[in-house]
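Colleague: Here you go, this is protein_18.pdb (PDB, C-alpha atoms).
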```
ATOM      1  CA  MET A   1     172.337 151.187  62.033  1.00  0.00           C
ATOM      2  CA  GLU A   2     175.282 152.242  59.894  1.00  0.00           C
ATOM      3  CA  THR A   3     175.062 155.594  58.117  1.00  0.00           C
ATOM      4  CA  ILE A   4     176.372 156.720  54.758  1.00  0.00           C
ATOM      5  CA  SER A   5     176.563 160.392  53.861  1.00  0.00           C
ATOM      6  CA  VAL A   6     175.370 160.966  50.315  1.00  0.00           C
ATOM      7  CA  HIS A   7     175.098 164.488  48.908  1.00  0.00           C
ATOM      8  CA  GLU A   8     171.848 165.106  47.053  1.00  0.00           C
ATOM      9  CA  LYS A   9     173.758 165.542  43.791  1.00  0.00           C
ATOM     10  CA  PHE A  10     174.884 161.899  43.963  1.00  0.00           C
ATOM     11  CA  VAL A  11     171.337 160.739  44.687  1.00  0.00           C
ATOM     12  CA  THR A  12     170.242 162.686  41.615  1.00  0.00           C
ATOM     13  CA  GLU A  13     173.083 161.176  39.576  1.00  0.00           C
ATOM     14  CA  ILE A  14     172.211 157.593  40.537  1.00  0.00           C
ATOM     15  CA  ARG A  15     168.531 158.191  39.814  1.00  0.00           C
ATOM     16  CA  ALA A  16     169.386 159.708  36.435  1.00  0.00           C
ATOM     17  CA  HIS A  17     171.581 156.712  35.581  1.00  0.00           C
ATOM     18  CA  GLY A  18     168.743 154.365  36.495  1.00  0.00           C
ATOM     19  CA  ALA A  19     166.315 156.301  34.291  1.00  0.00           C
ATOM     20  CA  GLU A  20     168.842 156.437  31.452  1.00  0.00           C
ATOM     21  CA  THR A  21     169.319 152.669  31.263  1.00  0.00           C
ATOM     22  CA  PHE A  22     165.677 151.714  31.993  1.00  0.00           C
ATOM     23  CA  PRO A  23     164.324 149.065  31.394  1.00  0.00           C
ATOM     24  CA  TYR A  24     167.807 147.671  31.951  1.00  0.00           C
ATOM     25  CA  GLU A  25     169.712 147.798  35.196  1.00  0.00           C
ATOM     26  CA  CYS A  26     172.387 150.435  35.661  1.00  0.00           C
ATOM     27  CA  CYS A  27     175.407 149.975  37.893  1.00  0.00           C
ATOM     28  CA  GLY A  28     178.410 151.846  39.154  1.00  0.00           C
ATOM     29  CA  ALA A  29     181.045 152.123  41.822  1.00  0.00           C
ATOM     30  CA  VAL A  30     180.613 154.343  44.853  1.00  0.00           C
ATOM     31  CA  LEU A  31     183.835 156.149  45.723  1.00  0.00           C
ATOM     32  CA  GLY A  32     184.442 157.862  48.989  1.00  0.00           C
ATOM     33  CA  SER A  33     186.044 157.724  52.367  1.00  0.00           C
ATOM     34  CA  ASP A  34     185.465 155.421  55.276  1.00  0.00           C
ATOM     35  CA  ALA A  35     186.503 155.976  58.844  1.00  0.00           C
ATOM     36  CA  GLU A  36     185.253 154.898  62.223  1.00  0.00           C
ATOM     37  CA  ASN A  37     181.543 155.772  62.255  1.00  0.00           C
ATOM     38  CA  SER A  38     181.918 158.006  59.211  1.00  0.00           C
ATOM     39  CA  ARG A  39     181.380 156.950  55.633  1.00  0.00           C
ATOM     40  CA  GLU A  40     180.921 159.535  52.914  1.00  0.00           C
ATOM     41  CA  VAL A  41     180.314 159.327  49.169  1.00  0.00           C
ATOM     42  CA  ARG A  42     182.649 161.660  47.288  1.00  0.00           C
ATOM     43  CA  ALA A  43     182.240 160.497  43.686  1.00  0.00           C
ATOM     44  CA  LEU A  44     180.504 157.971  41.477  1.00  0.00           C
ATOM     45  CA  HIS A  45     182.124 155.857  38.793  1.00  0.00           C
ATOM     46  CA  LYS A  46     179.596 154.720  36.185  1.00  0.00           C
ATOM     47  CA  LEU A  47     180.050 151.198  34.892  1.00  0.00           C
ATOM     48  CA  VAL A  48     178.604 149.285  31.975  1.00  0.00           C
ATOM     49  CA  ASN A  49     176.248 146.433  32.785  1.00  0.00           C
ATOM     50  CA  ARG A  50     177.991 143.410  31.230  1.00  0.00           C
ATOM     51  CA  ARG A  51     174.947 141.170  31.429  1.00  0.00           C
ATOM     52  CA  ASP A  52     173.864 141.042  27.784  1.00  0.00           C
ATOM     53  CA  ASP A  53     171.657 138.017  28.421  1.00  0.00           C
ATOM     54  CA  SER A  54     169.342 139.441  31.087  1.00  0.00           C
ATOM     55  CA  PRO A  55     170.081 143.130  31.671  1.00  0.00           C
ATOM     56  CA  ARG A  56     166.495 143.813  32.799  1.00  0.00           C
ATOM     57  CA  ASN A  57     166.925 141.920  36.040  1.00  0.00           C
ATOM     58  CA  ARG A  58     170.640 141.350  36.436  1.00  0.00           C
ATOM     59  CA  PHE A  59     173.818 143.355  36.365  1.00  0.00           C
ATOM     60  CA  SER A  60     177.435 142.394  36.506  1.00  0.00           C
ATOM     61  CA  VAL A  61     180.759 144.108  36.139  1.00  0.00           C
ATOM     62  CA  THR A  62     184.001 142.297  35.553  1.00  0.00           C
ATOM     63  CA  SER A  63     186.968 142.112  37.854  1.00  0.00           C
ATOM     64  CA  ASP A  64     188.784 144.361  35.342  1.00  0.00           C
ATOM     65  CA  ASP A  65     186.018 146.940  35.819  1.00  0.00           C
ATOM     66  CA  VAL A  66     186.455 146.602  39.557  1.00  0.00           C
ATOM     67  CA  ARG A  67     190.189 147.154  39.267  1.00  0.00           C
ATOM     68  CA  ASP A  68     189.553 150.202  37.038  1.00  0.00           C
ATOM     69  CA  ALA A  69     187.205 151.587  39.677  1.00  0.00           C
ATOM     70  CA  ASP A  70     189.838 150.944  42.353  1.00  0.00           C
ATOM     71  CA  ARG A  71     192.428 152.808  40.311  1.00  0.00           C
ATOM     72  CA  ALA A  72     190.026 155.716  39.699  1.00  0.00           C
ATOM     73  CA  ALA A  73     189.385 155.918  43.421  1.00  0.00           C
ATOM     74  CA  GLN A  74     193.066 155.786  44.344  1.00  0.00           C
ATOM     75  CA  GLN A  75     193.915 158.525  41.849  1.00  0.00           C
ATOM     76  CA  SER A  76     191.466 160.764  43.700  1.00  0.00           C
ATOM     77  CA  GLY A  77     192.703 159.757  47.132  1.00  0.00           C
ATOM     78  CA  LEU A  78     189.503 157.798  47.704  1.00  0.00           C
ATOM     79  CA  GLU A  79     188.496 154.154  47.915  1.00  0.00           C
ATOM     80  CA  VAL A  80     185.657 152.077  46.553  1.00  0.00           C
ATOM     81  CA  ILE A  81     183.207 152.000  49.453  1.00  0.00           C
ATOM     82  CA  GLY A  82     180.324 150.401  47.634  1.00  0.00           C
ATOM     83  CA  TRP A  83     178.308 149.789  44.510  1.00  0.00           C
ATOM     84  CA  TYR A  84     175.012 151.032  43.177  1.00  0.00           C
ATOM     85  CA  HIS A  85     172.523 149.528  40.805  1.00  0.00           C
ATOM     86  CA  SER A  86     168.905 149.951  39.775  1.00  0.00           C
ATOM     87  CA  HIS A  87     165.908 147.674  40.080  1.00  0.00           C
ATOM     88  CA  PRO A  88     163.682 148.403  37.078  1.00  0.00           C
ATOM     89  CA  ASP A  89     159.992 148.052  37.996  1.00  0.00           C
ATOM     90  CA  HIS A  90     160.947 146.589  41.337  1.00  0.00           C
ATOM     91  CA  PRO A  91     161.437 147.907  44.889  1.00  0.00           C
ATOM     92  CA  ALA A  92     164.859 149.011  46.116  1.00  0.00           C
ATOM     93  CA  LEU A  93     165.306 145.901  48.199  1.00  0.00           C
ATOM     94  CA  PRO A  94     168.249 143.529  47.825  1.00  0.00           C
ATOM     95  CA  SER A  95     167.395 140.200  46.268  1.00  0.00           C
ATOM     96  CA  GLU A  96     168.652 136.744  47.094  1.00  0.00           C
ATOM     97  CA  PHE A  97     170.854 137.040  44.023  1.00  0.00           C
ATOM     98  CA  ASP A  98     172.274 140.274  45.444  1.00  0.00           C
ATOM     99  CA  ARG A  99     173.018 138.529  48.735  1.00  0.00           C
ATOM    100  CA  GLU A 100     174.809 135.622  47.099  1.00  0.00           C
ATOM    101  CA  HIS A 101     177.098 137.997  45.223  1.00  0.00           C
ATOM    102  CA  ALA A 102     177.967 140.439  47.981  1.00  0.00           C
ATOM    103  CA  TRP A 103     180.647 141.017  50.546  1.00  0.00           C
ATOM    104  CA  PRO A 104     180.246 142.688  53.926  1.00  0.00           C
ATOM    105  CA  TRP A 105     181.598 146.217  54.438  1.00  0.00           C
ATOM    106  CA  TYR A 106     180.566 147.501  51.012  1.00  0.00           C
ATOM    107  CA  SER A 107     177.541 149.805  50.806  1.00  0.00           C
ATOM    108  CA  TYR A 108     175.057 148.516  48.245  1.00  0.00           C
ATOM    109  CA  ILE A 109     172.869 151.363  47.045  1.00  0.00           C
ATOM    110  CA  ILE A 110     169.756 150.381  45.100  1.00  0.00           C
ATOM    111  CA  VAL A 111     167.377 152.726  43.283  1.00  0.00           C
ATOM    112  CA  SER A 112     163.926 151.618  42.281  1.00  0.00           C
ATOM    113  CA  VAL A 113     162.911 152.731  38.780  1.00  0.00           C
ATOM    114  CA  MET A 114     159.179 152.270  38.232  1.00  0.00           C
ATOM    115  CA  SER A 115     157.915 152.674  34.661  1.00  0.00           C
ATOM    116  CA  GLY A 116     161.069 154.607  33.845  1.00  0.00           C
ATOM    117  CA  LYS A 117     160.764 157.007  36.784  1.00  0.00           C
ATOM    118  CA  PRO A 118     163.487 156.680  39.430  1.00  0.00           C
ATOM    119  CA  GLY A 119     162.213 156.844  42.978  1.00  0.00           C
ATOM    120  CA  VAL A 120     163.054 155.223  46.272  1.00  0.00           C
ATOM    121  CA  ILE A 121     166.770 154.863  46.899  1.00  0.00           C
ATOM    122  CA  LEU A 122     168.066 152.738  49.761  1.00  0.00           C
ATOM    123  CA  SER A 123     171.450 151.535  50.954  1.00  0.00           C
ATOM    124  CA  TRP A 124     172.268 148.136  52.388  1.00  0.00           C
ATOM    125  CA  ARG A 125     175.150 146.255  53.984  1.00  0.00           C
ATOM    126  CA  LEU A 126     175.611 142.498  54.084  1.00  0.00           C
ATOM    127  CA  THR A 127     175.987 141.078  57.584  1.00  0.00           C
ATOM    128  CA  ASP A 128     179.263 139.329  58.443  1.00  0.00           C
ATOM    129  CA  ASP A 129     177.501 135.947  58.541  1.00  0.00           C
ATOM    130  CA  ARG A 130     176.216 136.526  54.975  1.00  0.00           C
ATOM    131  CA  LEU A 131     172.666 135.721  56.074  1.00  0.00           C
ATOM    132  CA  ARG A 132     170.982 139.033  55.289  1.00  0.00           C
ATOM    133  CA  PHE A 133     171.343 142.668  54.360  1.00  0.00           C
ATOM    134  CA  GLU A 134     170.872 145.337  56.993  1.00  0.00           C
ATOM    135  CA  PRO A 135     169.562 148.767  55.985  1.00  0.00           C
ATOM    136  CA  GLU A 136     172.097 151.574  56.029  1.00  0.00           C
ATOM    137  CA  LYS A 137     170.793 155.072  56.708  1.00  0.00           C
ATOM    138  CA  ILE A 138     171.372 157.542  53.891  1.00  0.00           C
ATOM    139  CA  SER A 139     172.111 160.997  55.280  1.00  0.00           C
ATOM    140  CA  PRO A 140     170.606 163.428  54.552  1.00  0.00           C
ATOM    141  CA  GLU A 141     167.430 161.532  53.768  1.00  0.00           C
ATOM    142  CA  PRO A 142     166.977 161.593  49.979  1.00  0.00           C
ATOM    143  CA  SER A 143     164.194 163.758  48.676  1.00  0.00           C
ATOM    144  CA  ALA A 144     161.135 161.980  47.360  1.00  0.00           C
ATOM    145  CA  GLU A 145     160.504 161.661  43.664  1.00  0.00           C
ATOM    146  CA  PRO A 146     156.736 162.330  43.744  1.00  0.00           C
ATOM    147  CA  GLU A 147     155.108 159.765  41.433  1.00  0.00           C
ATOM    148  CA  SER A 148     157.526 156.878  41.725  1.00  0.00           C
ATOM    149  CA  HIS A 149     157.977 157.442  45.467  1.00  0.00           C
ATOM    150  CA  ALA A 150     154.227 157.137  45.974  1.00  0.00           C
ATOM    151  CA  ALA A 151     154.257 153.919  43.988  1.00  0.00           C
ATOM    152  CA  THR A 152     156.765 152.211  46.252  1.00  0.00           C
ATOM    153  CA  SER A 153     156.537 153.951  49.592  1.00  0.00           C
ATOM    154  CA  ASN A 154     154.285 151.298  51.130  1.00  0.00           C
ATOM    155  CA  PHE A 155     156.832 148.622  50.317  1.00  0.00           C
ATOM    156  CA  ASN A 156     159.573 150.759  51.761  1.00  0.00           C
ATOM    157  CA  THR A 157     157.888 151.395  55.049  1.00  0.00           C
ATOM    158  CA  THR A 158     156.973 147.766  55.600  1.00  0.00           C
ATOM    159  CA  SER A 159     160.414 146.408  54.850  1.00  0.00           C
ATOM    160  CA  SER A 160     162.674 145.709  57.768  1.00  0.00           C
ATOM    161  CA  GLY A 161     165.891 144.990  56.002  1.00  0.00           C
ATOM    162  CA  GLY A 162     165.530 141.344  55.189  1.00  0.00           C
ATOM    163  CA  SER A 163     166.479 140.144  51.757  1.00  0.00           C
ATOM    164  CA  LYS A 164     163.813 138.803  49.459  1.00  0.00           C
TER
ATOM    165  CA  MET B   1     207.320 128.791  49.784  1.00  0.00           C
ATOM    166  CA  PRO B   2     206.340 132.191  51.096  1.00  0.00           C
ATOM    167  CA  VAL B   3     203.856 134.186  49.034  1.00  0.00           C
ATOM    168  CA  ASN B   4     201.844 137.295  49.781  1.00  0.00           C
ATOM    169  CA  VAL B   5     198.070 137.392  49.622  1.00  0.00           C
ATOM    170  CA  MET B   6     196.726 140.899  49.182  1.00  0.00           C
ATOM    171  CA  ILE B   7     193.513 141.339  51.126  1.00  0.00           C
ATOM    172  CA  PRO B   8     190.813 143.624  49.646  1.00  0.00           C
ATOM    173  CA  THR B   9     189.449 146.240  52.028  1.00  0.00           C
ATOM    174  CA  PRO B  10     186.051 144.564  52.650  1.00  0.00           C
ATOM    175  CA  LEU B  11     187.754 141.391  53.874  1.00  0.00           C
ATOM    176  CA  ARG B  12     190.366 142.995  56.114  1.00  0.00           C
ATOM    177  CA  PRO B  13     188.132 142.886  59.204  1.00  0.00           C
ATOM    178  CA  PHE B  14     188.371 139.091  58.965  1.00  0.00           C
ATOM    179  CA  VAL B  15     192.195 139.011  58.957  1.00  0.00           C
ATOM    180  CA  GLY B  16     192.984 141.377  61.786  1.00  0.00           C
ATOM    181  CA  LYS B  17     192.678 144.449  59.547  1.00  0.00           C
ATOM    182  CA  LYS B  18     195.849 143.539  57.650  1.00  0.00           C
ATOM    183  CA  SER B  19     196.201 144.456  53.979  1.00  0.00           C
ATOM    184  CA  ALA B  20     198.466 141.497  53.163  1.00  0.00           C
ATOM    185  CA  ILE B  21     199.080 138.087  54.664  1.00  0.00           C
ATOM    186  CA  GLU B  22     202.117 135.916  54.035  1.00  0.00           C
ATOM    187  CA  VAL B  23     201.460 132.204  53.691  1.00  0.00           C
ATOM    188  CA  ASN B  24     203.559 129.206  52.697  1.00  0.00           C
ATOM    189  CA  ALA B  25     202.106 127.360  49.726  1.00  0.00           C
ATOM    190  CA  ALA B  26     203.060 125.674  46.474  1.00  0.00           C
ATOM    191  CA  SER B  27     199.800 126.386  44.655  1.00  0.00           C
ATOM    192  CA  VAL B  28     196.997 128.936  44.707  1.00  0.00           C
ATOM    193  CA  GLY B  29     194.625 126.402  46.225  1.00  0.00           C
ATOM    194  CA  GLU B  30     197.100 125.683  49.020  1.00  0.00           C
ATOM    195  CA  ALA B  31     197.604 129.380  49.656  1.00  0.00           C
ATOM    196  CA  LEU B  32     193.888 130.085  49.954  1.00  0.00           C
ATOM    197  CA  ARG B  33     193.384 127.058  52.161  1.00  0.00           C
ATOM    198  CA  ALA B  34     196.238 128.192  54.408  1.00  0.00           C
ATOM    199  CA  LEU B  35     194.738 131.667  54.555  1.00  0.00           C
ATOM    200  CA  THR B  36     191.232 130.479  55.415  1.00  0.00           C
ATOM    201  CA  THR B  37     192.550 127.967  57.923  1.00  0.00           C
ATOM    202  CA  GLU B  38     194.368 130.720  59.778  1.00  0.00           C
ATOM    203  CA  PHE B  39     191.419 133.101  59.418  1.00  0.00           C
ATOM    204  CA  ALA B  40     188.374 130.861  59.498  1.00  0.00           C
ATOM    205  CA  ASP B  41     185.833 133.704  59.382  1.00  0.00           C
ATOM    206  CA  LEU B  42     187.158 134.615  55.954  1.00  0.00           C
ATOM    207  CA  ARG B  43     186.245 131.265  54.436  1.00  0.00           C
ATOM    208  CA  LYS B  44     182.539 131.868  53.781  1.00  0.00           C
ATOM    209  CA  HIS B  45     183.299 135.023  51.824  1.00  0.00           C
ATOM    210  CA  LEU B  46     185.638 133.215  49.444  1.00  0.00           C
ATOM    211  CA  TYR B  47     184.123 129.752  49.261  1.00  0.00           C
ATOM    212  CA  THR B  48     180.624 128.336  48.853  1.00  0.00           C
ATOM    213  CA  ASP B  49     179.279 125.833  51.351  1.00  0.00           C
ATOM    214  CA  GLU B  50     180.364 123.165  48.844  1.00  0.00           C
ATOM    215  CA  GLY B  51     183.958 124.341  49.097  1.00  0.00           C
ATOM    216  CA  LYS B  52     184.200 125.987  45.683  1.00  0.00           C
ATOM    217  CA  ILE B  53     185.540 129.485  45.166  1.00  0.00           C
ATOM    218  CA  ARG B  54     182.513 131.765  44.852  1.00  0.00           C
ATOM    219  CA  SER B  55     181.670 132.660  41.270  1.00  0.00           C
ATOM    220  CA  PHE B  56     182.215 136.377  41.831  1.00  0.00           C
ATOM    221  CA  VAL B  57     185.595 135.925  43.525  1.00  0.00           C
ATOM    222  CA  ASN B  58     188.509 136.276  41.130  1.00  0.00           C
ATOM    223  CA  VAL B  59     192.059 135.321  42.001  1.00  0.00           C
ATOM    224  CA  TYR B  60     195.157 136.715  40.338  1.00  0.00           C
ATOM    225  CA  VAL B  61     198.789 135.657  40.595  1.00  0.00           C
ATOM    226  CA  ASN B  62     201.043 138.573  39.752  1.00  0.00           C
ATOM    227  CA  ASP B  63     198.250 140.158  37.710  1.00  0.00           C
ATOM    228  CA  GLU B  64     197.346 136.950  35.831  1.00  0.00           C
ATOM    229  CA  ASP B  65     193.818 135.608  36.330  1.00  0.00           C
ATOM    230  CA  ILE B  66     194.143 131.998  37.496  1.00  0.00           C
ATOM    231  CA  ARG B  67     191.189 131.046  35.269  1.00  0.00           C
ATOM    232  CA  TYR B  68     193.622 131.430  32.374  1.00  0.00           C
ATOM    233  CA  LEU B  69     196.397 129.592  34.170  1.00  0.00           C
ATOM    234  CA  GLU B  70     195.809 126.352  36.034  1.00  0.00           C
ATOM    235  CA  LYS B  71     193.040 127.664  38.269  1.00  0.00           C
ATOM    236  CA  GLU B  72     193.542 126.548  41.872  1.00  0.00           C
ATOM    237  CA  ASN B  73     196.367 124.254  40.772  1.00  0.00           C
ATOM    238  CA  THR B  74     198.348 127.233  39.513  1.00  0.00           C
ATOM    239  CA  PRO B  75     201.861 126.749  40.907  1.00  0.00           C
ATOM    240  CA  LEU B  76     203.503 129.444  42.979  1.00  0.00           C
ATOM    241  CA  LYS B  77     207.088 130.510  43.377  1.00  0.00           C
ATOM    242  CA  ASP B  78     208.831 132.435  46.110  1.00  0.00           C
ATOM    243  CA  GLY B  79     207.608 135.990  46.402  1.00  0.00           C
ATOM    244  CA  ASP B  80     204.525 135.646  44.207  1.00  0.00           C
ATOM    245  CA  THR B  81     201.646 137.966  44.974  1.00  0.00           C
ATOM    246  CA  ILE B  82     198.071 136.719  45.039  1.00  0.00           C
ATOM    247  CA  SER B  83     195.255 139.238  44.652  1.00  0.00           C
ATOM    248  CA  ILE B  84     191.600 138.640  45.399  1.00  0.00           C
ATOM    249  CA  VAL B  85     189.258 140.814  43.327  1.00  0.00           C
ATOM    250  CA  PRO B  86     185.465 140.599  43.291  1.00  0.00           C
ATOM    251  CA  SER B  87     183.401 140.950  40.162  1.00  0.00           C
ATOM    252  CA  ILE B  88     180.232 142.724  41.132  1.00  0.00           C
ATOM    253  CA  ALA B  89     176.868 141.227  40.325  1.00  0.00           C
ATOM    254  CA  GLY B  90     173.317 141.552  41.457  1.00  0.00           C
ATOM    255  CA  GLY B  91     169.821 142.280  40.344  1.00  0.00           C
ATOM    256  CA  ARG B  92     166.212 141.887  41.306  1.00  0.00           C
TER
END
```
Turn the structure described in the file into structure tokens.
Modeller:
Amino acid sequence: METISVHEKFVTEIRAHGAETFPYECCGAVLGSDAENSREVRALHKLVNRRDDSPRNRFSVTSDDVRDADRAAQQSGLEVIGWYHSHPDHPALPSEFDREHAWPWYSYIIVSVMSGKPGVILSWRLTDDRLRFEPEKISPEPSAEPESHAATSNFNTTSSGGSK
Amino acid sequence: MPVNVMIPTPLRPFVGKKSAIEVNAASVGEALRALTTEFADLRKHLYTDEGKIRSFVNVYVNDEDIRYLEKENTPLKDGDTISIVPSIAGGR
């Protein structure tokens, strides 16, 4: 399993973004460094969800947003290593829609926000054959958010990385 | 005519880890076909099974989005640079 190092402050920041935009999805770029067997988050770049039609269950950012995120990363000597978004009232598992719109290599971090409370946060990578997402270990393991974690922990422990 | 295709980081593993590939092509469609013929594993990340460019894959010629030019028929000239940029989408 691949591993991504995510400082607790970034976990907190992603959860806060998910709570802030609830019941809509939040999204952002994950900036950091990537080397052989070592991937580390160094900054987050918040983005605006451009999906005005269905922001509760979809997010999108434009290619201009992506290029802005790339520039922000380069200015800091970093690169865009992934993307995060929230799943309001839904587990932190990648959907079929996520799979269709993903590339390998990127880390896709998803936070579940249940009834406005951010909880389980998981990271995923698309396999090279595009058939499924594999779980990516977040290190150190994110702390639990008591109420929302309890609400989704069963789903988390029974998932094995397949997309919905 | 020779043009350069800039390869985004996530797709470099499929082109021998190169950041740019030179191909000979007269249009954007030709260039992408040449690229994905030489690097067949790249194809599924740019094209759907029906052979259309994936909806989240955006192609630029010298910073101009081909959707506002002539799409895949956009003509190329010597030394043009093609960039491939994803738009990010997802949701539950």
Colleague: Smallest atom-to-atom distance to chain A: which of B:Pro2, B:Gly29, B:Leu46, B:Thr81, using only C-alpha atoms?
Modeller: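 Of B:Pro2, B:Gly29, B:Leu46, B:Thr81, the one nearest chain A, counting only C-alpha atoms, is B:Leu46.
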Colleague: Taking only C-alpha atoms into account, which residues of chain A are within 7 Å of chain B, as a list in words?
Modeller: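 Within 7 Å of chain B on chain A, we get Asn57, Arg58, Phe59, Ser60, Val61, Thr62, Ser63, Val66, His87, Ser95, Phe97, Asp98, His101, Trp103, Pro104, Trp105 and Tyr106 of chain A.
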Colleague: Using the chain letters and numbers from the file, which residues does the PyMOL selection byres ((chain B and resi 26) around 9) grab, as a ChimeraX atom specification?
Modeller: /B:1-3,24-25,27-31,73-78
Colleague: Could you please determine the separation between atom CA of Asp65 of chain A and atom CA of Leu47 of chain A in Å, to one decimal place?
Modeller: 7.4 Å
Colleague: Give me, please, the distance in Å between atom CA of Arg99 of chain A and atom CA of Glu8 of chain A, quoted to one decimal.
Modeller: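 If I compute the distance from atom CA of Arg99 of chain A to atom CA of Glu8 of chain A, I get 26.7 Å.
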Colleague: Check the smallest atom-to-atom distance from each of A:Leu31, A:Val80, A:Ala144, A:Val48 to Ile121 of chain A using only C-alpha atoms, then report the winner.
Modeller: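 Checking each candidate against Ile121 of chain A, we get A:Ala144 as the closest.
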Colleague: List the residues matched by the PyMOL selection byres ((chain A and resi 126) around 12) in the displayed structure as a VMD selection string, ordered by chain and then by residue number.
Modeller: (chain A and resid 2 82 94 to 96 98 to 109 123 to 125 127 to 136 161 to 163) or (chain B and resid 10 45)
Colleague: If I take atom CA of Asp34 of chain A and atom CA of Ile82 of chain B, how far is one from the other in Å, to one decimal?
Modeller: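 Computed distance, atom CA of Asp34 of chain A to atom CA of Ile82 of chain B, equals 24.8 Å.
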Colleague: Could the centre and edge lengths of an axis-aligned box, enclosing all atoms of segment 46-63 of chain A in the file with 4 Å extra on each side, be given in Å to one decimal as JSON?
Modeller:
```
{"center_x": 176.7, "center_y": 146.4, "center_z": 32.8, "size_x": 28.5, "size_y": 24.7, "size_z": 18.1}
```
Colleague: Once the PyMOL selection byres ((chain A and resi 18) around 12) is applied to the coordinates I shared, what remains selected? I want it as a count of residues only.
Modeller: 42
Colleague: Using all atoms listed in the file, determine which residues lie at most 12 Å from Ala35 of chain A, disregarding the query and same-chain residues fewer than 2 positions distant; provide the list as a compact mmCIF listing (two decimals) with C-alpha atoms, in the frame of the given file.
Modeller:
```
# COMPACT_ATOMS: atom_id res chain seq x y z
CA GLU A 2 175.28 152.24 59.89
CA THR A 3 175.06 155.59 58.12
CA ILE A 4 176.37 156.72 54.76
CA SER A 5 176.56 160.39 53.86
CA GLY A 32 184.44 157.86 48.99
CA SER A 33 186.04 157.72 52.37
CA ASN A 37 181.54 155.77 62.26
CA SER A 38 181.92 158.01 59.21
CA ARG A 39 181.38 156.95 55.63
CA GLU A 40 180.92 159.54 52.91
CA VAL A 41 180.31 159.33 49.17
CA LEU A 78 189.50 157.80 47.70
CA GLU A 79 188.50 154.15 47.92
CA ILE A 81 183.21 152.00 49.45
CA TRP A 105 181.60 146.22 54.44
```
